[in-house]
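Written below as structure tokens is the structure these notes are about.
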Amino acid sequence: MEIIDCYSIPILKLTLPEDLFKQTLERAEIYIRHNDWFTKRHYGNSINSFYDDGRHCYVEENDKELLDFIDKNMSKFVEITNHSLKGTKRIYNSWLNLNMPDTQHPLHQHFNSFVSGVIWLRTPENSGDF
């Protein structure tokens with residue numbers, strides 16, 4: 001776990017354990033195949049599960065082990081950064097994205113969120129330090 005303190009709320013950088021990474025990638029690939037994403041038109045934007053289920057809860061419904069990992073590390077992050085969460089902590093939305101060549105993820109905001117995150121499962125070579 002690494003804390004990168006360059007914004008008003010620092011960035012937490014961590015790596016998934018290898019077994020969790022493989023399991024999460026496999027579940028994502030199954031989801032993508034099951035929903036036939038490779039034949040969908042993308043019009044320059046990423047294809048994502050946000051619009052597939054209407055509930056916007058990919059990780060809660062498809063990957064309990066990843067959800068537990070996120071929950072555990074979110075709690076550590078809050079403790080390390082000396083923040084306190086009043087009330088119940090909860091993941092409001094989660095979704096899976098697939099960016100095909102020449103696509104982008106649309107600009108968006110995470111309203112009502114204290115912590116937001118991204119997990120990169122696969123990136124092309126020379127994409128940077130993900």
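Chain labels A, B, ... are given in the sequence in which chains occur in the structure tokens; within each chain residues are numbered consecutively from 1, and ligands are likewise numbered from 1 in the order shown.
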Set the distance at 10 Å and use only C-alpha atoms: which residues neighbour Asp102 (chain A) once local chain neighbours fewer than 6 positions away are removed? I'd like the list as a list in words.
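Neighbouring residues, sequence-local ones excluded: His42, Tyr43, Gly44, Asn45 and Ser46 of chain A.
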For Arg27 (chain A), list every protein, DNA or RNA residue within 12 Å, evaluated using only C-alpha atoms, and leave out those in the same chain fewer than 2 positions away; present the list as a PyMOL selection string.
chain A and resi 20-25+29-34+58-59+61-66+96+121
Please identify all polymer residues within 9 Å of region 8-19 of chain A, counting only C-alpha atoms, omitting same-chain residues fewer than 6 positions from it, and present them as a PDB file with C-alpha atoms, in the first residue's frame.
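Below is the file that was written, around_3.pdb:
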ATOM      1  CA  MET A   1       0.000   0.000   0.000  1.00  0.00           C
ATOM      2  CA  GLU A   2       1.323   3.418  -0.965  1.00  0.00           C
ATOM      3  CA  LEU A  66     -12.900  -8.063  -4.712  1.00  0.00           C
ATOM      4  CA  PHE A  69     -10.580  -6.406  -0.607  1.00  0.00           C
ATOM      5  CA  ASN A  73      -8.345  -1.264   2.088  1.00  0.00           C
ATOM      6  CA  MET A  74     -10.832   1.610   2.129  1.00  0.00           C
ATOM      7  CA  PHE A  77      -7.026   4.344   3.835  1.00  0.00           C
ATOM      8  CA  THR A  81      -5.353   9.622   6.345  1.00  0.00           C
ATOM      9  CA  PHE A 114     -15.673  10.488  -0.242  1.00  0.00           C
ATOM     10  CA  VAL A 115     -13.521   7.832  -1.900  1.00  0.00           C
ATOM     11  CA  GLY A 117     -11.256   4.265  -7.189  1.00  0.00           C
ATOM     12  CA  ILE A 119      -8.725  -1.006 -10.733  1.00  0.00           C
TER      13      ILE A 119
END
Using DSSP on the backbone, list every residue of chain A that comes out as helix (DSSP H, G or I), and give them as a PyMOL selection string.
chain A and resi 18-34+37-39+58-62+64-80
Excluding Met100 (chain A) and its own-chain neighbours fewer than 4 positions away, which residues fall within 12 Å of it when counting only C-alpha atoms? Please give them as a PyMOL selection string.
chain A and resi 37-48+104-105+122-124
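When only C-alpha atoms are used to compute distances to Arg90 (chain A), the closest of the residues A:Ser49, A:Ser116, A:Thr103, A:Gln109 turns out to be A:Ser116.
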For a test of reading the model, state the distance in Å between CA of Leu67 (chain A) and CA of Ile91 (chain A), rounded to one decimal.
9.0 Å
CA of His83 (chain A) and CA of Phe50 (chain A) are how many Å apart?
29.0 Å
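Of the residues listed (A:Lys76, A:Cys57, A:Trp120, A:Asn35), A:Cys57 shows the shortest atom-to-atom separation from Tyr92 (chain A); distances use only C-alpha atoms.
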